[in-house]
Amino acid sequence: MSDDKKTTNSLLDQHKAALMEYRKWDEKVKMLLKGRRVKDLTRKDMVAYQEAARQRDMAYDQMRHFERALLDDIPGAATGQFPHLDLPGSNTES
């Protein structure tokens with residue numbers, strides 16, 4: 001396996017782990033708020049909410065970091081101007 005492929009696979013694995021972590025903390029935040037507003041939380045629940053929200057936000061930042069690293073290897077990804085690909089069987093003539 002080439003080094004580029006290994007790097008890409010590693011970034012994908014790290015992104016997946018960050019996504020799973022994000023989902024876990026996001027669910028915790030939702031459970032803490034279920035049927036309540038933030039102002040209705042007990043002090044203990046507020047501390048738990050703040051920690052869960054902080055962990056969720058860190059996981060989200062990690063996901064975006066890995067996405068950016070993955071996109072940096074795709075020509076045009078930063079600008080949204082991807083090169084046109086002529087695929088077999090596609091009719092590009094009008």
# chains A, B, ... in the order shown; residues from 1 in each chain; ligands from 1
$ residues_around --residues "Glu21 in chain A" --least-positions-apart "5" --cutoff "12 Å" --atoms "only C-alpha atoms" --output "VMD selection string"
chain A and resid 14 to 16 26 to 28 52 to 63
$ atom_distance --atom1 "CA of Leu33 in chain A" --atom2 "CA of Leu19 in chain A"
21.0 Å
$ residues_around --residues "Thr7 in chain A" --least-positions-apart "4" --cutoff "12 Å" --atoms "only C-alpha atoms" --output "ChimeraX atom specification"
/A:1-3,11-14,66,69-70,73
$ write_last_selection --atoms "C-alpha atoms" --output "compact mmCIF listing (two decimals), in the first residue's frame"
# COMPACT_ATOMS: atom_id res chain seq x y z
CA MET A 1 0.00 0.00 0.00
CA SER A 2 1.37 3.41 -0.95
CA ASP A 3 2.18 6.02 1.69
CA LEU A 11 -7.16 10.20 8.28
CA LEU A 12 -10.42 8.40 7.48
CA ASP A 13 -10.05 6.20 10.56
CA GLN A 14 -9.31 9.23 12.75
CA PHE A 66 -9.48 15.64 9.60
CA ALA A 69 -6.63 17.32 5.85
CA LEU A 70 -8.48 14.92 3.56
CA ASP A 73 -5.19 16.26 -1.09
$ atom_distance --atom1 "CA of Asn9 in chain A" --atom2 "CA of Arg23 in chain A"
21.0 Å
$ select_by_dssp --residues "range 47-76 of chain A" --states "alpha helix (DSSP H)" --output "list in words"
Val47, Ala48, Tyr49, Gln50, Glu51, Ala52, Ala53, Arg54, Gln55, Arg56, Asp57, Met58, Ala59, Tyr60, Asp61, Gln62, Met63, Arg64, His65, Phe66, Glu67, Arg68, Ala69, Leu70 and Leu71 of chain A
$ closest_residue --among "A:Asp72, A:His65, A:Ser10, A:Leu32" --to "Ala48 in chain A" --atoms "only C-alpha atoms"
A:Leu32
